[in-house]
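Student: Please find one structure pasted underneath; my questions will follow.
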Amino acid sequence: MNSIESSHVPLVIRDLNVAYQTKVVVWDADFDAPPGKLVAIVGPNGAGKSTMLKAALGLIPIASGSVRFFGLPYEKARHRVAYVPQRETVDWDFPVSAVDVVAMGLYRRLGWCLPVRRKELDQARAALAKVGLSDYASRQISQLSGGQQQRVFLARALAQDADLYLMDEPFASVDAATERAIVDVLRELRSRGKTAVCVHHDLPTVPEYFDHVALLNMRVVSQGPVDKTFTAENLRKTYGARLTLLEEAAQAVERARVSAQHRATL
Amino acid sequence: MEKRLLPAANSLMNRARQFIPIGLLALLLGLLAWLLNRADSPIGHTHGPGETHANEVRVSRRSGKSITDTGIQWPSREKLWRTLTLADYNTRVVFAGVTALGAAGGLVGTFLLLRKRSLLSDTVSHCTLPGIALAFLIGESMGISGRSLPLLLFGATVTGVLGMMSVAAIRAKSRIKDDAALAIVLSVFFGLGIALLVVIQQLPTGNAAGLAHFIYGKAASMTAGDARLIFFASVAVALVCAALFKEFKLLCFDTDFARTQGWPTLALDLALMGLVVAVTVIGLQAVGLLLVVALLIVPAAAARFWSHRLGVTMLLASLIGAISGLVGVAASALFPKLPAGAVIVLSSVLCFSVSFFFGAKRGLLVRWLDQRRVAARVARQHLLRALYEWCESQALQHLGDPLQLLDRPVPIAELRQANHWNLARLTRLLRLGAAEGLIIWNPDSHACHLSAEGKLEARRVTRNHRLWETYLLHYADVAPQHIHHNADQIEHVIEPNIVNELEELLAGREGGALVPADPEKTTSANSDTPS
């Protein structure tokens, strides 16, 4: 476990408790995002995955616990952190174009009252190109498919040029092209030494897409490198005795083992 | 025993605390009912004309009379001329003030609409009434004239903000939903205001006739000073909107993201609501508090039908607001009996209706035309594919090249049978196809055939359809019996780059032989003779 103050660790959460009124949602959660890794937060519905991210970002009040980004409280490190909310959280009928939304990632750097200029629009377009949406820059956002909307959100985070990316269900109900685009972007981020933490719901793809995994069910059941942590035993502890899920998980674990062997023989 | 009782008492206290806001409201309501009851009682037996207790009920009855009992007097030609050329200084200032007010209302209203808080402005406007009455009372008791507009508007602002804060507090501290919170606050404050007006009527010096204008609005009674105040306040509101355009846009679109970026969303929200209060308060005199909500929301809602860009939407909204203001104040200047507020609202509602039906981006007409266009295109493509497929079946029977057979006349009866079309529909399709030059068909004959252009198009359409079918068959986990259905829907909206991708994807796959070659790439090399 890392010291909470160490400045090279992108995100450290200690003893985090979050409650909605009297209902505890996250309970004594400890979480570490190692630098330069792709980290998945996995757990059943209602396990508090999104809540943990939102609480870390100060969007939901914390009952107790501490959160440090690069050894600092969020307020002092927010320029190094980019957040990709769930797609459903905004009204996609809003009268703005894709490039407008991406440019929103640059507003903070722009400062108060100053309008968006050509320079910011160019940066936003470059970010859209990275997610394969160059041709859709001036489209109104309601005319984009769900996957394209998700990619617009991703592009907005990319435009921020942060060191840590926190993504809430980026793969939720997206098309294959979008899934591929997101994975490519994640790998490109990793190759530049950036860190990404994704709330993820699809167990079989965990070993394929991520390096680290945190299994969450109110508390963090287990976390660490995928090949050590993503085991049937840990999944059972996280998901309980839901048979279909366990079967799916067992397959995923098996696949992870095979691909690890495959990697070792290469 | 004590230890066991303490937590129970605590939780009881906690639960009780949740009811405090509701209890306070109930208390307030009770007080109000009592006040109204007290004020009501003299009305029952005071019908004499010399009655000193003029009261609110009579005021509203009187103003109601002024609208209904007099026929509209047409202005003299001289007056018409003087008004339209803005000859009087007073007219000029009032025109400028109300027009600017309309424009500012459109700007703020767009943000309010996008923030999904439209009804908040209605609540705020109703909440201003007790403030106006209190300011009047305080002014009178301190010896200043209770009629001074800045004082009244200051009072209006105070209770307007108070009302808004009550809505926020009820929403945050209880489980009462937004709409209920708005309704509660609106009725409580407005009721309080009415009660206070009645109290004012009963003062020996009091005469609330002037105050009633704030309920229904009376642009005609505006002095140049009032109008100047309205004008400069509107300009200030517009300037704030322009300066914080980017910030408000982010706030309205994605508040959570704005917060993670370190924007003070609460302060921004308060600033936006402050602008709403400002427009509401300065709009009171011109439109009246009952209709001020329309000043904010209707132009914005109308503008939304015309553009998908926020900046354009806002400019349009302010334009619609400005024009409505202008029309209203002109009508009120020409026909003093006409209530300006109602005319302003009616003209913006007219703009809204026009936009609703004819708006370029979301209007009913455009959407209907789009739908029809798509339906026509889909139908045409179905017909072309049916013709191609018939020719293809002939080719299979006679072991010929389908391309050679595309010139053959297709019996209409067989076309009908193969596709389960009824005659009327098929005739309509054929007529359309013939009109577009894709099909050569004589209405008297029992057969039709493809034109040169139609042949190309038929091949393209069939190719897209087959490509998509193959793609679904090999790459997507779609039950095969659904493929035709899906392909029917997709091929018409498929984009050229996807077709190219499919081509690459399917190169060398089985079934590829049945996919006709791209007509655009092969026409020159092919022996495809035009008829």
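Residues in the structure tokens are named by chain (A, B, ... in the order shown) and by number from 1 within that chain; ligands are numbered from 1 in the order shown.
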For Arg190 (chain A), find every residue with an atom within 12 Å (counting only C-alpha atoms), except residues of its own chain fewer than 4 positions away, and show them as a list in words.

Tutor: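 Contacts, with the query itself left out: Pro34, Pro35, Gly36, Lys37, Leu38, Val39, Asp163, Leu164, Tyr165, Val183, Asp184, Val185, Leu186, Lys194, Thr195, Ala196, Val197, Tyr209, Phe210 and Asp211 of chain A.
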
Student: Identify, on the basis of only C-alpha atoms, every residue whose closest approach to Gly274 (chain B) does not exceed 10 Å; exclude the query and any residue fewer than 2 positions from it along the same chain; express the result as a list in words.

Tutor: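 My reading of the contact set: Thr157, Gly160, Val161, Met164, Val237, Leu268, Asp269, Leu270, Ala271, Leu272, Val276, Val277, Ala278, Val279 and Thr280 of chain B.
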
Student: Can you write just those residues out, C-alpha atoms, as a compact mmCIF listing (two decimals), in the first residue's frame?

Tutor:
```txt
# COMPACT_ATOMS: atom_id res chain seq x y z
CA THR B 157 -36.41 41.73 -5.04
CA GLY B 160 -38.45 37.29 -4.73
CA VAL B 161 -35.04 36.09 -3.57
CA MET B 164 -36.41 31.35 -4.49
CA VAL B 237 -28.68 41.82 -17.43
CA LEU B 268 -23.10 30.50 -10.97
CA ASP B 269 -26.51 29.04 -10.30
CA LEU B 270 -27.22 31.88 -7.90
CA ALA B 271 -26.03 34.39 -10.48
CA LEU B 272 -28.36 32.91 -13.07
CA VAL B 276 -34.08 35.75 -13.37
CA VAL B 277 -35.12 37.76 -10.33
CA ALA B 278 -33.81 40.93 -11.97
CA VAL B 279 -35.79 40.43 -15.17
CA THR B 280 -38.85 39.43 -13.19
```

Student: List the spatial neighbours of region 108-123 of chain B as a compact mmCIF listing (two decimals) with all heavy atoms, in the first residue's frame - criterion: any atom at most 9 Å away, only C-alpha atoms, same-chain residues fewer than 5 positions off excluded.

Tutor:
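As a result, out-v1.txt now contains:
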```txt
# COMPACT_ATOMS: atom_id res chain seq x y z
N PHE A 94 -29.48 19.28 -25.88
CA PHE A 94 -28.95 20.64 -25.65
C PHE A 94 -28.43 21.23 -26.96
O PHE A 94 -27.79 20.53 -27.75
CB PHE A 94 -27.80 20.53 -24.65
CG PHE A 94 -27.53 21.78 -23.89
CD1 PHE A 94 -28.25 22.10 -22.77
CD2 PHE A 94 -26.52 22.65 -24.29
CE1 PHE A 94 -28.00 23.25 -22.06
CE2 PHE A 94 -26.25 23.80 -23.59
CZ PHE A 94 -27.00 24.10 -22.47
N PRO A 95 -28.69 22.53 -27.20
CA PRO A 95 -28.29 23.10 -28.49
C PRO A 95 -26.80 23.42 -28.60
O PRO A 95 -26.42 24.58 -28.63
CB PRO A 95 -29.15 24.37 -28.58
CG PRO A 95 -29.40 24.75 -27.18
CD PRO A 95 -29.46 23.49 -26.39
N ALA B 103 -35.77 41.80 -24.76
CA ALA B 103 -34.53 41.19 -25.22
C ALA B 103 -33.82 40.49 -24.05
O ALA B 103 -33.37 39.34 -24.17
CB ALA B 103 -33.63 42.25 -25.84
N THR B 128 -42.89 38.21 -5.46
CA THR B 128 -42.54 39.63 -5.31
C THR B 128 -43.67 40.44 -4.69
O THR B 128 -43.44 41.51 -4.15
CB THR B 128 -42.20 40.25 -6.68
OG1 THR B 128 -43.31 40.05 -7.54
CG2 THR B 128 -40.95 39.66 -7.26
N GLY B 160 -38.69 38.19 -3.60
CA GLY B 160 -38.45 37.29 -4.73
C GLY B 160 -37.30 36.34 -4.43
O GLY B 160 -37.40 35.13 -4.62
N GLY B 163 -38.30 33.90 -1.77
CA GLY B 163 -39.11 32.81 -2.32
C GLY B 163 -38.25 31.78 -3.00
O GLY B 163 -38.43 30.57 -2.82
N MET B 164 -37.29 32.26 -3.78
CA MET B 164 -36.41 31.35 -4.49
C MET B 164 -35.62 30.50 -3.51
O MET B 164 -35.45 29.29 -3.71
CB MET B 164 -35.46 32.16 -5.35
CG MET B 164 -35.03 31.46 -6.59
SD MET B 164 -34.05 32.60 -7.57
CE MET B 164 -32.66 32.81 -6.51
N VAL B 167 -37.71 27.76 -2.08
CA VAL B 167 -37.83 26.61 -2.98
C VAL B 167 -36.59 25.73 -2.84
O VAL B 167 -36.69 24.51 -2.68
CB VAL B 167 -37.98 27.07 -4.44
CG1 VAL B 167 -37.94 25.88 -5.38
CG2 VAL B 167 -39.27 27.84 -4.63
N ASP B 179 -41.70 20.34 -8.28
CA ASP B 179 -42.93 21.01 -8.71
C ASP B 179 -43.79 21.37 -7.51
O ASP B 179 -44.39 22.45 -7.45
CB ASP B 179 -43.71 20.12 -9.70
CG ASP B 179 -43.96 18.74 -9.15
OD1 ASP B 179 -43.25 18.35 -8.20
OD2 ASP B 179 -44.86 18.05 -9.66
N LEU B 182 -42.34 24.37 -5.72
CA LEU B 182 -42.67 25.60 -6.45
C LEU B 182 -44.11 26.02 -6.17
O LEU B 182 -44.39 27.19 -5.89
CB LEU B 182 -42.47 25.40 -7.95
CG LEU B 182 -41.02 25.29 -8.44
CD1 LEU B 182 -40.98 24.86 -9.89
CD2 LEU B 182 -40.32 26.63 -8.28
N ALA B 183 -45.01 25.06 -6.21
CA ALA B 183 -46.42 25.39 -6.02
C ALA B 183 -46.66 25.91 -4.60
O ALA B 183 -47.39 26.88 -4.40
CB ALA B 183 -47.28 24.14 -6.29
N VAL B 185 -44.50 27.36 -2.47
CA VAL B 185 -43.92 28.69 -2.25
C VAL B 185 -44.72 29.75 -2.99
O VAL B 185 -45.04 30.81 -2.44
CB VAL B 185 -42.44 28.69 -2.68
CG1 VAL B 185 -41.89 30.10 -2.65
CG2 VAL B 185 -41.63 27.79 -1.78
N LEU B 186 -45.08 29.44 -4.23
CA LEU B 186 -45.85 30.40 -5.03
C LEU B 186 -47.13 30.81 -4.32
O LEU B 186 -47.42 31.99 -4.12
CB LEU B 186 -46.17 29.79 -6.39
CG LEU B 186 -46.95 30.61 -7.41
CD1 LEU B 186 -46.52 30.21 -8.81
CD2 LEU B 186 -48.45 30.43 -7.30
N SER B 187 -47.89 29.81 -3.89
CA SER B 187 -49.20 30.14 -3.32
C SER B 187 -49.06 30.83 -1.97
O SER B 187 -49.81 31.77 -1.68
CB SER B 187 -50.05 28.88 -3.21
OG SER B 187 -49.30 27.84 -2.64
N PHE B 189 -46.58 32.76 -0.83
CA PHE B 189 -46.13 34.15 -0.97
C PHE B 189 -47.19 35.02 -1.62
O PHE B 189 -47.42 36.14 -1.21
CB PHE B 189 -44.82 34.22 -1.76
CG PHE B 189 -43.61 34.00 -0.92
CD1 PHE B 189 -43.28 32.74 -0.45
CD2 PHE B 189 -42.78 35.06 -0.57
CE1 PHE B 189 -42.16 32.54 0.33
CE2 PHE B 189 -41.65 34.87 0.21
CZ PHE B 189 -41.35 33.60 0.66
N PHE B 190 -47.82 34.47 -2.65
CA PHE B 190 -48.82 35.28 -3.34
C PHE B 190 -49.99 35.56 -2.42
O PHE B 190 -50.52 36.68 -2.37
CB PHE B 190 -49.29 34.56 -4.62
CG PHE B 190 -50.14 35.41 -5.50
CD1 PHE B 190 -49.63 36.57 -6.06
CD2 PHE B 190 -51.46 35.06 -5.78
CE1 PHE B 190 -50.41 37.36 -6.88
CE2 PHE B 190 -52.24 35.86 -6.60
CZ PHE B 190 -51.72 37.01 -7.15
N VAL B 237 -28.41 43.26 -17.41
CA VAL B 237 -28.68 41.82 -17.43
C VAL B 237 -28.09 41.19 -18.70
O VAL B 237 -27.44 40.15 -18.66
CB VAL B 237 -30.20 41.56 -17.35
CG1 VAL B 237 -30.53 40.13 -17.73
CG2 VAL B 237 -30.72 41.87 -15.96
N ALA B 238 -28.30 41.87 -19.83
CA ALA B 238 -27.79 41.34 -21.10
C ALA B 238 -26.27 41.26 -21.07
O ALA B 238 -25.68 40.29 -21.56
CB ALA B 238 -28.27 42.22 -22.25
N CYS B 241 -25.17 38.30 -19.08
CA CYS B 241 -25.40 37.09 -19.88
C CYS B 241 -24.27 36.90 -20.90
O CYS B 241 -23.78 35.79 -21.11
CB CYS B 241 -26.72 37.18 -20.64
SG CYS B 241 -28.11 36.61 -19.69
N PHE B 248 -22.37 29.85 -18.10
CA PHE B 248 -23.76 29.41 -17.98
C PHE B 248 -24.04 28.22 -18.89
O PHE B 248 -24.80 27.32 -18.55
CB PHE B 248 -24.71 30.56 -18.33
CG PHE B 248 -24.85 31.58 -17.24
CD1 PHE B 248 -25.19 32.89 -17.52
CD2 PHE B 248 -24.65 31.23 -15.91
CE1 PHE B 248 -25.32 33.84 -16.51
CE2 PHE B 248 -24.78 32.16 -14.90
CZ PHE B 248 -25.11 33.47 -15.20
N LYS B 249 -23.42 28.24 -20.06
CA LYS B 249 -23.60 27.14 -21.00
C LYS B 249 -23.15 25.83 -20.36
O LYS B 249 -23.85 24.83 -20.38
CB LYS B 249 -22.77 27.45 -22.24
CG LYS B 249 -22.80 26.44 -23.34
CD LYS B 249 -22.15 27.09 -24.55
CE LYS B 249 -21.52 26.14 -25.51
NZ LYS B 249 -20.83 26.88 -26.59
N LEU B 251 -22.74 25.26 -17.15
CA LEU B 251 -23.60 24.98 -15.98
C LEU B 251 -24.88 24.28 -16.42
O LEU B 251 -25.30 23.29 -15.81
CB LEU B 251 -23.94 26.29 -15.27
CG LEU B 251 -24.89 26.17 -14.08
CD1 LEU B 251 -24.14 25.67 -12.86
CD2 LEU B 251 -25.57 27.48 -13.78
N CYS B 252 -25.50 24.80 -17.48
CA CYS B 252 -26.77 24.23 -17.90
C CYS B 252 -26.60 22.86 -18.54
O CYS B 252 -27.45 22.01 -18.42
CB CYS B 252 -27.48 25.16 -18.90
SG CYS B 252 -27.95 26.73 -18.18
N PHE B 253 -25.48 22.65 -19.20
CA PHE B 253 -25.30 21.38 -19.91
C PHE B 253 -24.86 20.27 -18.96
O PHE B 253 -25.41 19.18 -18.98
CB PHE B 253 -24.27 21.56 -21.03
CG PHE B 253 -23.97 20.28 -21.76
CD1 PHE B 253 -24.96 19.63 -22.47
CD2 PHE B 253 -22.71 19.71 -21.72
CE1 PHE B 253 -24.70 18.44 -23.14
CE2 PHE B 253 -22.43 18.53 -22.39
CZ PHE B 253 -23.44 17.90 -23.10
N LEU B 272 -27.32 33.09 -12.06
CA LEU B 272 -28.36 32.91 -13.07
C LEU B 272 -29.74 33.20 -12.48
O LEU B 272 -30.56 33.91 -13.08
CB LEU B 272 -28.29 31.48 -13.62
CG LEU B 272 -29.28 31.13 -14.74
CD1 LEU B 272 -29.15 32.09 -15.89
CD2 LEU B 272 -29.06 29.72 -15.21
N MET B 273 -29.97 32.67 -11.27
CA MET B 273 -31.25 32.92 -10.64
C MET B 273 -31.41 34.40 -10.30
O MET B 273 -32.51 34.95 -10.34
CB MET B 273 -31.40 32.07 -9.37
CG MET B 273 -31.44 30.57 -9.65
SD MET B 273 -32.62 30.13 -10.94
CE MET B 273 -31.73 28.93 -11.88
N LEU B 275 -30.26 36.81 -12.10
CA LEU B 275 -30.69 37.45 -13.35
C LEU B 275 -32.18 37.24 -13.57
O LEU B 275 -32.90 38.13 -14.03
CB LEU B 275 -29.91 36.89 -14.54
CG LEU B 275 -28.41 37.23 -14.59
CD1 LEU B 275 -27.79 36.64 -15.84
CD2 LEU B 275 -28.22 38.72 -14.56
N VAL B 276 -32.65 36.03 -13.23
CA VAL B 276 -34.08 35.75 -13.37
C VAL B 276 -34.88 36.69 -12.49
O VAL B 276 -35.87 37.29 -12.92
CB VAL B 276 -34.37 34.27 -13.00
CG1 VAL B 276 -35.87 34.04 -12.94
CG2 VAL B 276 -33.73 33.34 -14.00
N VAL B 277 -34.42 36.85 -11.24
CA VAL B 277 -35.12 37.76 -10.33
C VAL B 277 -35.09 39.18 -10.90
O VAL B 277 -36.11 39.88 -10.90
CB VAL B 277 -34.46 37.72 -8.93
CG1 VAL B 277 -35.07 38.79 -8.04
CG2 VAL B 277 -34.64 36.37 -8.30
N VAL B 279 -34.86 40.25 -14.05
CA VAL B 279 -35.79 40.43 -15.17
C VAL B 279 -37.22 40.42 -14.66
O VAL B 279 -38.06 41.23 -15.08
CB VAL B 279 -35.58 39.33 -16.23
CG1 VAL B 279 -36.68 39.37 -17.27
CG2 VAL B 279 -34.24 39.49 -16.90
N THR B 280 -37.49 39.52 -13.73
CA THR B 280 -38.85 39.43 -13.19
C THR B 280 -39.25 40.75 -12.54
O THR B 280 -40.33 41.30 -12.81
CB THR B 280 -38.91 38.31 -12.14
OG1 THR B 280 -38.43 37.11 -12.73
CG2 THR B 280 -40.32 38.09 -11.66
N LEU B 289 -47.07 40.65 -12.69
CA LEU B 289 -46.42 39.44 -12.18
C LEU B 289 -47.07 38.16 -12.65
O LEU B 289 -46.46 37.11 -12.67
CB LEU B 289 -46.33 39.50 -10.64
CG LEU B 289 -47.60 39.56 -9.80
CD1 LEU B 289 -48.16 38.18 -9.57
CD2 LEU B 289 -47.26 40.20 -8.46
N LEU B 290 -48.33 38.25 -13.08
CA LEU B 290 -48.98 37.01 -13.53
C LEU B 290 -48.39 36.53 -14.84
O LEU B 290 -48.40 35.34 -15.13
CB LEU B 290 -50.48 37.26 -13.73
CG LEU B 290 -51.29 37.49 -12.46
CD1 LEU B 290 -52.74 37.72 -12.80
CD2 LEU B 290 -51.15 36.29 -11.53
N LEU B 291 -47.86 37.46 -15.65
CA LEU B 291 -47.44 37.07 -16.99
C LEU B 291 -45.94 37.15 -17.21
O LEU B 291 -45.46 36.85 -18.29
CB LEU B 291 -48.15 37.97 -18.02
CG LEU B 291 -49.65 37.73 -18.15
CD1 LEU B 291 -50.26 38.69 -19.14
CD2 LEU B 291 -49.91 36.30 -18.58
N VAL B 292 -45.21 37.54 -16.17
CA VAL B 292 -43.77 37.73 -16.37
C VAL B 292 -43.09 36.45 -16.82
O VAL B 292 -42.12 36.46 -17.58
CB VAL B 292 -43.16 38.29 -15.06
CG1 VAL B 292 -42.01 37.48 -14.59
CG2 VAL B 292 -42.71 39.72 -15.28
N VAL B 293 -43.63 35.31 -16.43
CA VAL B 293 -43.02 34.03 -16.81
C VAL B 293 -42.97 33.90 -18.33
O VAL B 293 -42.00 33.38 -18.91
CB VAL B 293 -43.78 32.84 -16.17
CG1 VAL B 293 -45.21 32.81 -16.62
CG2 VAL B 293 -43.10 31.54 -16.50
N ALA B 294 -43.98 34.44 -19.01
CA ALA B 294 -44.02 34.34 -20.46
C ALA B 294 -42.90 35.15 -21.11
O ALA B 294 -42.35 34.78 -22.14
CB ALA B 294 -45.36 34.81 -20.98
N LEU B 295 -42.56 36.26 -20.46
CA LEU B 295 -41.49 37.12 -20.97
C LEU B 295 -40.17 36.34 -21.04
O LEU B 295 -39.36 36.55 -21.94
CB LEU B 295 -41.35 38.29 -20.01
CG LEU B 295 -40.64 39.54 -20.46
CD1 LEU B 295 -41.47 40.22 -21.51
CD2 LEU B 295 -40.44 40.47 -19.28
N LEU B 296 -39.97 35.44 -20.09
CA LEU B 296 -38.73 34.69 -20.03
C LEU B 296 -38.78 33.43 -20.89
O LEU B 296 -37.84 33.11 -21.61
CB LEU B 296 -38.44 34.28 -18.58
CG LEU B 296 -37.93 35.40 -17.67
CD1 LEU B 296 -38.31 35.13 -16.24
CD2 LEU B 296 -36.43 35.51 -17.80
N ILE B 297 -39.87 32.71 -20.79
CA ILE B 297 -39.87 31.36 -21.34
C ILE B 297 -40.34 31.29 -22.79
O ILE B 297 -39.76 30.58 -23.60
CB ILE B 297 -40.73 30.43 -20.45
CG1 ILE B 297 -40.15 30.39 -19.04
CG2 ILE B 297 -40.78 29.03 -21.02
CD1 ILE B 297 -38.69 30.07 -18.98
N VAL B 298 -41.38 32.04 -23.13
CA VAL B 298 -41.96 31.86 -24.47
C VAL B 298 -40.98 32.21 -25.59
O VAL B 298 -40.82 31.42 -26.52
CB VAL B 298 -43.29 32.64 -24.59
CG1 VAL B 298 -43.86 32.50 -25.98
CG2 VAL B 298 -44.29 32.12 -23.57
N PRO B 299 -40.28 33.36 -25.54
CA PRO B 299 -39.33 33.63 -26.63
C PRO B 299 -38.25 32.56 -26.73
O PRO B 299 -37.89 32.13 -27.83
CB PRO B 299 -38.72 34.98 -26.25
CG PRO B 299 -39.69 35.60 -25.32
CD PRO B 299 -40.33 34.49 -24.58
N ALA B 300 -37.77 32.08 -25.58
CA ALA B 300 -36.71 31.06 -25.60
C ALA B 300 -37.23 29.77 -26.21
O ALA B 300 -36.57 29.14 -27.05
CB ALA B 300 -36.21 30.81 -24.18
N ALA B 301 -38.44 29.38 -25.82
CA ALA B 301 -39.01 28.15 -26.35
C ALA B 301 -39.25 28.28 -27.85
O ALA B 301 -39.03 27.33 -28.61
CB ALA B 301 -40.31 27.82 -25.63
N ALA B 303 -37.53 30.23 -29.94
CA ALA B 303 -36.25 30.26 -30.65
C ALA B 303 -35.65 28.87 -30.80
O ALA B 303 -34.95 28.59 -31.76
CB ALA B 303 -35.27 31.17 -29.90
N ARG B 304 -35.95 28.01 -29.85
CA ARG B 304 -35.38 26.66 -29.86
C ARG B 304 -35.79 25.88 -31.11
O ARG B 304 -35.12 24.93 -31.51
CB ARG B 304 -35.82 25.95 -28.58
CG ARG B 304 -35.09 24.69 -28.21
CD ARG B 304 -33.64 24.92 -27.92
NE ARG B 304 -32.97 23.63 -27.85
CZ ARG B 304 -32.55 22.97 -28.91
NH1 ARG B 304 -32.67 23.48 -30.11
NH2 ARG B 304 -31.98 21.78 -28.78
N LEU B 310 -26.48 27.34 -29.49
CA LEU B 310 -26.93 28.10 -28.33
C LEU B 310 -26.89 29.60 -28.60
O LEU B 310 -27.84 30.32 -28.28
CB LEU B 310 -26.08 27.75 -27.11
CG LEU B 310 -26.51 28.42 -25.82
CD1 LEU B 310 -27.95 28.11 -25.49
CD2 LEU B 310 -25.62 28.01 -24.67
N THR B 313 -29.68 30.58 -30.88
CA THR B 313 -30.95 30.46 -30.15
C THR B 313 -31.17 31.66 -29.24
O THR B 313 -32.26 32.24 -29.18
CB THR B 313 -30.95 29.18 -29.30
OG1 THR B 313 -30.64 28.07 -30.14
CG2 THR B 313 -32.28 28.95 -28.65
N MET B 314 -30.10 32.07 -28.55
CA MET B 314 -30.24 33.18 -27.61
C MET B 314 -30.52 34.49 -28.33
O MET B 314 -31.36 35.28 -27.91
CB MET B 314 -28.99 33.31 -26.76
CG MET B 314 -28.92 32.22 -25.72
SD MET B 314 -27.51 32.41 -24.67
CE MET B 314 -28.01 33.83 -23.72
N ALA B 317 -34.03 34.41 -29.45
CA ALA B 317 -34.95 34.57 -28.31
C ALA B 317 -35.03 36.04 -27.92
O ALA B 317 -36.12 36.57 -27.66
CB ALA B 317 -34.49 33.72 -27.14
N SER B 318 -33.88 36.70 -27.89
CA SER B 318 -33.91 38.10 -27.48
C SER B 318 -34.59 38.95 -28.55
O SER B 318 -35.28 39.92 -28.23
CB SER B 318 -32.51 38.61 -27.16
OG SER B 318 -31.74 38.69 -28.32
```

Student: Per residue of chain A within 10 Å of chain B, which atom pair is closest and at what distance in Å (one decimal), using only C-alpha atoms, listed by chain and increasing number, as CSV?

Tutor:
```
residue,atom,partner,partner_atom,distance
A:Lys54,CA,B:Asp256,CA,9.1
A:Leu57,CA,B:Thr260,CA,6.3
A:Gly58,CA,B:Thr260,CA,7.5
A:Leu59,CA,B:Asp256,CA,6.8
A:Ile60,CA,B:Asp256,CA,10.0
A:Tyr74,CA,B:Thr260,CA,8.9
A:Glu75,CA,B:Gly262,CA,7.3
A:Lys76,CA,B:Gly262,CA,9.8
A:Arg78,CA,B:Gln261,CA,6.7
A:His79,CA,B:Gln261,CA,7.6
A:Val81,CA,B:Thr260,CA,8.7
A:Ala82,CA,B:Thr260,CA,8.2
A:Tyr83,CA,B:Phe257,CA,7.1
A:Val84,CA,B:Phe257,CA,8.0
A:Pro85,CA,B:Phe257,CA,7.3
A:Thr89,CA,B:Asp254,CA,7.7
A:Val90,CA,B:Asp254,CA,5.9
A:Asp91,CA,B:Phe253,CA,6.9
A:Trp92,CA,B:Phe253,CA,8.5
A:Asp93,CA,B:His308,CA,8.9
A:Phe94,CA,B:Phe253,CA,6.8
A:Pro95,CA,B:His308,CA,4.5
A:Val96,CA,B:Arg309,CA,5.3
A:Ser97,CA,B:Arg309,CA,7.1
A:Asp100,CA,B:Arg309,CA,9.5
A:Val101,CA,B:Leu250,CA,8.6
A:Met104,CA,B:Leu250,CA,6.9
A:Gly105,CA,B:Gln261,CA,8.2
A:Leu106,CA,B:Gln261,CA,9.5
A:Tyr107,CA,B:Lys246,CA,7.8
A:Arg108,CA,B:Gln261,CA,6.5
A:Arg109,CA,B:Gln261,CA,9.6
A:Gly111,CA,B:Glu247,CA,9.5
A:Trp112,CA,B:Glu247,CA,7.6
A:Cys113,CA,B:Ala243,CA,5.1
A:Leu114,CA,B:Ala243,CA,7.6
A:Pro115,CA,B:Lys246,CA,6.7
A:Val116,CA,B:Lys246,CA,7.9
A:Ser138,CA,B:Arg309,CA,9.9
A:Arg139,CA,B:His308,CA,9.0
A:Gln140,CA,B:His308,CA,6.3
A:Ile141,CA,B:His308,CA,9.0
A:Ser142,CA,B:His308,CA,9.4
A:Gln160,CA,B:Gln261,CA,9.9
```

Student: Could you give me, as a PyMOL selection string, each residue of region 13-201 of chain A that DSSP assigns to strand (DSSP E) when run on this structure's backbone?

Tutor: chain A and resi 13-20+23-33+38-42+64-69+81-84+164-168+195-200

Student: Do a neighbour search on Lys23 (chain A) at 12 Å with only C-alpha atoms, toss out local chain neighbours closer than 6 positions, and write the hits as number ranges by chain.

Tutor: A: 17, 46, 48, 63, 218

Student: Compile the contact shell of Arg171 (chain B) as a list of chain:residue names: residues with an atom at most 10 Å away, counting only C-alpha atoms, same-chain residues fewer than 5 positions apart removed.

Tutor: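 That gives B:Met165, B:Ser166, B:Ile176, B:Lys177, B:Asp178, B:Asp179, B:Ala180, B:Ala181, B:Leu182.
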
Student: Keeping only C-alpha atoms, take the residues you just selected and write them out as a PDB file, in the first residue's frame.

Tutor:
```
ATOM      1  CA  MET B 165     -34.384  30.403  -1.455  1.00  0.00           C
ATOM      2  CA  SER B 166     -37.422  28.761   0.117  1.00  0.00           C
ATOM      3  CA  ILE B 176     -40.869  17.192  -1.483  1.00  0.00           C
ATOM      4  CA  LYS B 177     -40.358  17.258  -5.216  1.00  0.00           C
ATOM      5  CA  ASP B 178     -39.517  20.322  -7.252  1.00  0.00           C
ATOM      6  CA  ASP B 179     -42.932  21.009  -8.710  1.00  0.00           C
ATOM      7  CA  ALA B 180     -44.628  20.721  -5.340  1.00  0.00           C
ATOM      8  CA  ALA B 181     -42.044  23.009  -3.739  1.00  0.00           C
ATOM      9  CA  LEU B 182     -42.667  25.600  -6.447  1.00  0.00           C
TER      10      LEU B 182
END
```

Student: Which polymer residues have any atom within 10 Å of an atom of Tyr20 (chain A), counting only C-alpha atoms, with same-chain residues fewer than 2 positions away left out, as a list in words?

Tutor: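 My reading of the contact set: Val18, Thr22, Lys23, Val24, Val25, Val26, Ile60, Pro61, Ile62 and Ala63 of chain A.
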